Structure formats: C-alpha cells, structure tokens
Amino acid sequence: MDNSNEIIFDSITVVQKISLYAEVILPLALPTTYTYAVPAIFADKIKPGCRVEVVLGKNKRYAGIIKLITPEAPAYTTKEILNVLDDEPVLYPQQLQLWNWMSQYYMCSEGEVMAAALPAHFKLSSETILLFNEDYGDDFSSLNNEEYLVAEALLIKKQLNLTEVQQVLDVTHVYPVIKKLIDKKVCVVWEALSERYQSKKENFVVLNPQYDTDAAMSELLNNWTKAPKQMELLLSYLHLIKTTGEVTQVELLKKSGATAAQLNGLAEKKILLIEKRTVDRIKALPKAMEVAFDLSAAQEICLLEVQRCFTTKNVCLLHGVTSSGKTQIYIKLIEAYYKQGKQVLYLLPEIALTAQMIRRLQFHFGGNIAIYHSKFNNNERVELWNKIKTGEVRIVLGARSALFLPFKDLGLIVVDEEHDPSFKQQDPAPRYNARDAAVYYGALFNAKIVLGSATPSIETYYNAQKGKYGLVELSERFGGIHLPTIEIINTRQVAQKGKVMLSPQLKEAIEKTVAAGRQVILFQNRRGYSPYLICGTCGYLPQCKDCDVTLTLHKYSNKLHCHYCGTTYPKITACPACGSVNWIEKNFGTEKIEEMIEDEFPSLKVARMDVDSVRGKSAHDNLIKLFEQQRIDVLVGTQMVVKGLDFEKVSLVGILDADGLLSFADFRVNERAFQLMEQVSGRAGRKESQGNVLIQATQINHPVLQFVKEHDYKKLYSFEINNRQQFFYPPFSRIIEITLKHKAKEVVDEAANKLAAALQKNMSNFVVGPAAPVVARIRNQYLMELLIKLPLDTKQIQLYKQIIRNEFNLLLAEKQFKSVVMIADVDAN
C-alpha cells in the first residue's frame, strides 16, 4: 500500500501544531536575539525565564533563556527548540527587564548581560560526542593505527566522548585524529548539553529505630562482648547526637578516632544506619535577629528624614560625614523592610574588602543575611541563587554582581559608598555602573533606594540638588567626636635627596602615636617597591614588551611586574642599552614604604595591605583582624585601606604623595582625589579622641587640598560643578568613550580616523578625538580613543547610540578593519 499521502499529512500536522515561537537570549555577544519554533510537546511547559536547549549554526548547542513567547512567526525559517531545561523559570520578569535595559543603555548585547548575570553552572557545558557513521561499514584498512583504534571502539560502542577517545589512544591531544576520522566520514560530531551543577551529598549516621528506647539500648550495651572499638564508636555517636542533633560520618570518625571499616561493621550489624543526604554548601548561621541598639539624636532625626523622603521619592542620598553612623541607619531600615516581608539588597564596592561589614551585619541579622561574591564557587552560587529566588533568603550583602540575583519582592536597596569607582564594571561587557543600574532595578519593584556616602559622586549630589533624589545630611560624627585635624606638609622644604617618603614631621608623629598605644595608617596609592627603575648612565627605562608602560619593581618576588597585563620579568642587573649597573629607583610603592618603616622603627609591628599582600581567600580578613586586635602598629596600604574600615585605635593617618592623586589626566581627577583623601582621613579618630592627618605634597596651594583640610565637600562640589558646566562634562552631558584596538598601529589609527569622520557627520559638536590614550598599547594591542559628549535628551541619546552602532557595523564590514575591536563605554569612569 502506498503511504506517501500519510507521510505528507503527518508533516502538515506537525507544522500546524507549531503555533508558538520563542525569542531566546543566548550567552554570546550577538547583535540580536533569535526566534525558535516551540514544538507542541513543550507548548504547556515553556515560560519566559526558562532555559531551553537550542542549536545555533550547524550543530553548536546552547542553553538560552526565553525572553518572550509569541504566536507571530519571524520573517525567516526557524529551528525548533530541542528541550526545555527547567520546570520553573530561573529568573523573574524584572530580571529580564533589567537585562534589556542594560543592553540598550550600555550598548552591549543581551547575551553579554546574560553571560555576566547567570552563574556559570546555569549556562551548561557543551560536550562533544562522536557518533559512528553506520554507512561507513567496518572496513578500516585505509586508516592508520590511531584512527583504527578509535574507529574500532566506535564500531562497538556507537558513540564516544572526548575523554573516552583520550583513554583509547592514551594521549591527551586527540583533535588531529578526530578531524581525520570526520574528514573520512567514519564518524560525525554531536554536541550534547550537560548540567554542570551537582547538589552536595554527605553521609549522615542515624541509630536504627529499634534501639530508640532506653531499654533496648541498655540491653544492647550490656550484652556487648566483642569489638571494643565499635563500642567506643557507638558511645561517641550517642554523645554527638545529644549535643548536635544530627551526626555526619566525617564528624563521627573524627571524634571517635575510628576507621570507616569499623563504622561499616556497625552498619552491617544494623545498629547504625548510613544515609546519604543533600546538604547546603554554604553553612548558614542561626536565624536569630537582634537589632538592639539606640541611635543618637542626630541619627534618629536622619532616619525619620529618610523615611519621610521615601513618601515622595524612591531614591534618597544619605550624605553623612565619615564615622557619623550611616551603617546603623542602614541596619534600622533593613530591619523595617525585613519585618514587612520584603527582600533587601545591600551593595558594597568590593566584597573582598568588607569583612568588617559582613561580621557587623551578621551580628545583627544572623542567618537571615546571605553573602554573594566572587570567592564562592559556581555550585555555591547556584544554591544561593535558588534560595533568593524562592524568598528563603531575604537579605543579601554583595558586590555589584549581586544586582543580577533573582529577587522576588525587593523592598529596599542600600548602595553604600555610592561614589566608589569599583561599582563600574570595566571589562568585559556589560560595562555597567551598579549604582545607576540599582536605581533602575529598584524602580521595577517600586523599591526604595538609599545611596550613602561621606563624599558623594558629583552626579549623585547634582541629582539631589535638583530634586530628582531626596537628600538627607548627617554632619556630625557619632559620639560627638570631632573630624580629624589635617596638616599639609610641604615636601619641597624637606632637605632630602630624591622623592620624600616620610617627612620629619610624619616620622615624629608616628613615634608619638605608637608610644601612646595608638595605631597608624599610611596611604600610598602605588603598590610594588619602586614604580620604575631608570639607568643612571643612559636613562634606559625597562618596559613591558606588550604594553607601553614602565615595569614596577616588586622586592618580595624580586621581579619586574607589568600592572596592566600582569606579565613578570626577571630583575635586570646590567642595562641592556649601555651595560651599566647604575640603576636609580624612582618614586616609591607600598612595599618600599613597609621596608623603610621597619628600618626606621625596628620595634614596631608593620603590615602591608595591597593586591599583592592579600591574595588568599581569607588573607584580607585575617589582616584586618590582626589590626583590630592591635597586633599591628602601622598599616601601609593602597586605597584598600580607604574602603569601609572602622578601627577604634587609629589616631594618625599619613597620606604620603597627594601630588600623585592630583595629577591624573581625567576630568574626575579633583573629585577622585578629594574622595580618596577625605575617606582615608576618616579612618583616624573614629572613637575616643580626635585624630590627626598629615598630607605630604608639593602643590600645597591646590584648591582640593584646601577643601580636604576643611572637610568641606560642598566647596569641592561648587568648584567642580562650575568647571563641569563650562566644559560640558557630566552631569551636564552623557559621555561615551569609544576605544579601538588592533595589533597594527597603522590599522587602528586609520579605523579611528574613519570612524571619527563618519560620526562627525551626524554629531559634529559632540565628538572629541581620536587620540591615543596615556597607555597606548596593552597586551600588544594598539589603542585609539574617541570621546562623545551628548546633551541630556533621552531620545537624542538613543538616536546617537544607534548611529554609533551602525557606524561600528559599517566599519567592521570593510575587509581591512574586520579584526579591529571596538568598545563603547557609556558613562565611562
């Protein structure tokens, strides 16, 4: 019987059943999302926010996120979704809205946002599998030895993954063999997606229920005749179960000193049973919450003003001087929203630098607060993600990436130290500012946002002055302690050869401070031993071979380091240009200061806090604890010592090189220098008595130094806002910094000039450049930059962003510019 009509009918039926289409975000830097057909079997299961398995290109499989579902077919032929990976969405509509806004505002793709937002284990891995081609047959005479072994294994098993091929050949590099087998059509490649998240299992020991009663247990113990070690193990179990409530196999063996074989003996006798259970990787504290402290009168007024502000505005700037007790106000607000059943997000600039804050919040909120940061492994992140999504975790403390977590009912966002540049993501995309994204994200939930700082960013303070944000100010320190006195030391007047590290005044102050039982912080915003070496004979400077920067000498490693690409080089003894061994060390880093303090004050305990000295998972926290316990007299550090640290016994702060902070070629230089100096000054005299700050500088009449001396943020703001308006910088404009990169200087120069000319046709008044940056080559890529300053008109900005995208695409379409990398950084730092 001819059944061709039946086959045609079946194919028509399948087409009719596919009436839904899904727009899918893939974790790739693609210019757009892709639409896939939804097979009828998934029609009831599929939802926005679910992960689906799809094919892109010929056979590359990805786990994408459904953005939306529509009955409208796209204008192109669609592929079908292969599988739905989740019964319930892994995120909520608000997170998808945030992704969409980020991609538009920060000029990147939604796929790049997805790649940054989702824990790695949610993105799945694509595993290559070789499938035997049955049409090839079993004649392997034309294959060489290695090909024959793999082909024979394929003939038997029908499919092999890469690991199995490596085992067959007993080598790791198997790709050449696989390629030849594919070319000869012995096999084909298939990509399978595998779930990488695995729940953690642990063995728990429980007593057989038949021995639950005292009588049964007494009978068992009284009639015990053999295996005394097993008896000891059982008694250890009975003790542990009374004290801890549940017993793991690891804990029991450790306490009893028994072996796994002895435990298995009790299990075989069915006295103890071993159960495998799923456990949390992140150990939670008890859920107890205690916010039992009183606010000062000034703090009470401040808290009431913030709450009053929230009746009319969703965003409030809390401008409080250093050590004014802003954190206590945050804690009271968190408690209030927690009691309303809302979720709270507390954002900090760098979670690795805020061990003190973690301990402080955990003291009040216990296991009700979760920490989210880069130190967690991918499995831990998935577990925390799921707990936040279900609402089991209601308070989250995290760095900028915590903004992507799937909050269900967000009521409050606290952005502490909102001015900090660490809130801005630099690489890779999305290059977002977590403070600004938090304001948008909060609006999606109608949540309230507190932006807190002693030195607010100019843009935030401007928004508060204009009434866009509420403004509450706290101008006195907690406990009535005065702000530290500040003395500026003119290092030009210090008779010393070369750069002054420690002036006589600072040395004397250190000696007196430590003698009084107090502590010292010395701030120098350069790590390493010597920022650069120069040959005293010919002037040769050792430079990185891949970057246009001088190398920094690190004494600890005894190597030269590039702080841009991370490459290290052996220390040079003889000058490669003239052969001289006469090296002169120019300027000084934290390593050299640490060494000098140890030489000058051999009885003092000195430590250093910079990227090089706190590399371990808990190294930073351990160092802070030692300083808190007064086991360190002098702490030397980079801007790590500025951020969120509260030490009772610090009464002296030394800023060793203010000129270095004031000499960057950046329109924010005055703002950043003031923020750093005021913040580090704020570490002094936080408890008991007024502190002292000594600032070493040559530009002693610089206006910013006068503002710091007077602790006068408002004068700095007036000074800066006038300059910004005059030169059309934020907050009076929006800036987009475009960076072009290529390994050939002439190519990147030509591309930059061509792009600038194209952009000037549409926005001639707004384009500055192109020009080479201060460091014009990094990782062997030459750089050129354009700066675009756009007027504050949302529709115009959107139009100009589209023009920039179009010009990028036109340039990349030209053969000679195909490999040029172009990056748009919106609101560049």
# chains A, B, ... in the order shown; residues from 1 in each chain; ligands from 1

$ closest_atom_pairs --of "region 724-798 of chain A" --to "region 92-106 of chain A" --cutoff "10 Å" --atoms "only C-alpha atoms" --output "tab-separated table"
residue	atom	partner	partner_atom	distance
A:Ile736	CA	A:Tyr106	CA	9.3
A:Ile797	CA	A:Tyr105	CA	9.4
A:Gln798	CA	A:Tyr105	CA	8.2

$ residues_around --residues "region 793-796 of chain A" --least-positions-apart "6" --cutoff "10 Å" --atoms "only C-alpha atoms" --output "PyMOL selection string"
chain A and resi 733-734+802

$ write_last_selection --atoms "N, CA, C and O atoms" --output "PDB file, in the first residue's frame"
ATOM      1  N   SER A 733      26.230  66.504  30.678  1.00  0.00           N
ATOM      2  CA  SER A 733      26.240  65.724  29.434  1.00  0.00           C
ATOM      3  C   SER A 733      26.346  64.254  29.792  1.00  0.00           C
ATOM      4  O   SER A 733      26.573  63.900  30.948  1.00  0.00           O
ATOM      5  N   ARG A 734      26.149  63.407  28.789  1.00  0.00           N
ATOM      6  CA  ARG A 734      26.403  61.978  28.941  1.00  0.00           C
ATOM      7  C   ARG A 734      27.598  61.640  28.059  1.00  0.00           C
ATOM      8  O   ARG A 734      27.611  62.038  26.883  1.00  0.00           O
ATOM      9  N   GLN A 802      22.315  54.543  18.337  1.00  0.00           N
ATOM     10  CA  GLN A 802      22.028  53.720  17.160  1.00  0.00           C
ATOM     11  C   GLN A 802      22.956  54.093  16.005  1.00  0.00           C
ATOM     12  O   GLN A 802      23.440  53.220  15.276  1.00  0.00           O
TER      13      GLN A 802
END

$ select_by_dssp --residues "region 293-501 of chain A" --states "strand (DSSP E or B)" --output "MDAnalysis selection string"
chainID A and resid 315:320 343:347 369:372 395:398 410:416 424 433 448:453 470:474 485:490

$ atom_distance --atom1 "CA of Asn558 (chain A)" --atom2 "CA of Cys578 (chain A)"
22.3 Å

$ residues_around --residues "His364 (chain A)" --least-positions-apart "2" --cutoff "10 Å" --atoms "only C-alpha atoms" --output "list of chain:residue names"
A:Ala288, A:Met289, A:Glu290, A:Val291, A:Ala292, A:Phe293, A:Ile331, A:Glu335, A:Arg359, A:Arg360, A:Leu361, A:Gln362, A:Gly366, A:Gly367, A:Asn368, A:Ile369

$ residues_around --residues "Leu740 (chain A)" --least-positions-apart "4" --cutoff "6 Å" --atoms "only C-alpha atoms" --output "PyMOL selection string"
chain A and resi 783-784+821-822

$ closest_residue --among "A:Asp712, A:Glu275, A:Glu814, A:Glu112" --to "Lys201 (chain A)" --atoms "only C-alpha atoms"
A:Glu275

$ closest_residue --among "A:Lys571, A:Lys625, A:His702, A:Lys389" --to "Leu645 (chain A)" --atoms "only C-alpha atoms"
A:Lys625

$ closest_residue --among "A:Ile371, A:Leu705, A:Leu662, A:Ala824" --to "Lys741 (chain A)" --atoms "only C-alpha atoms"
A:Ala824
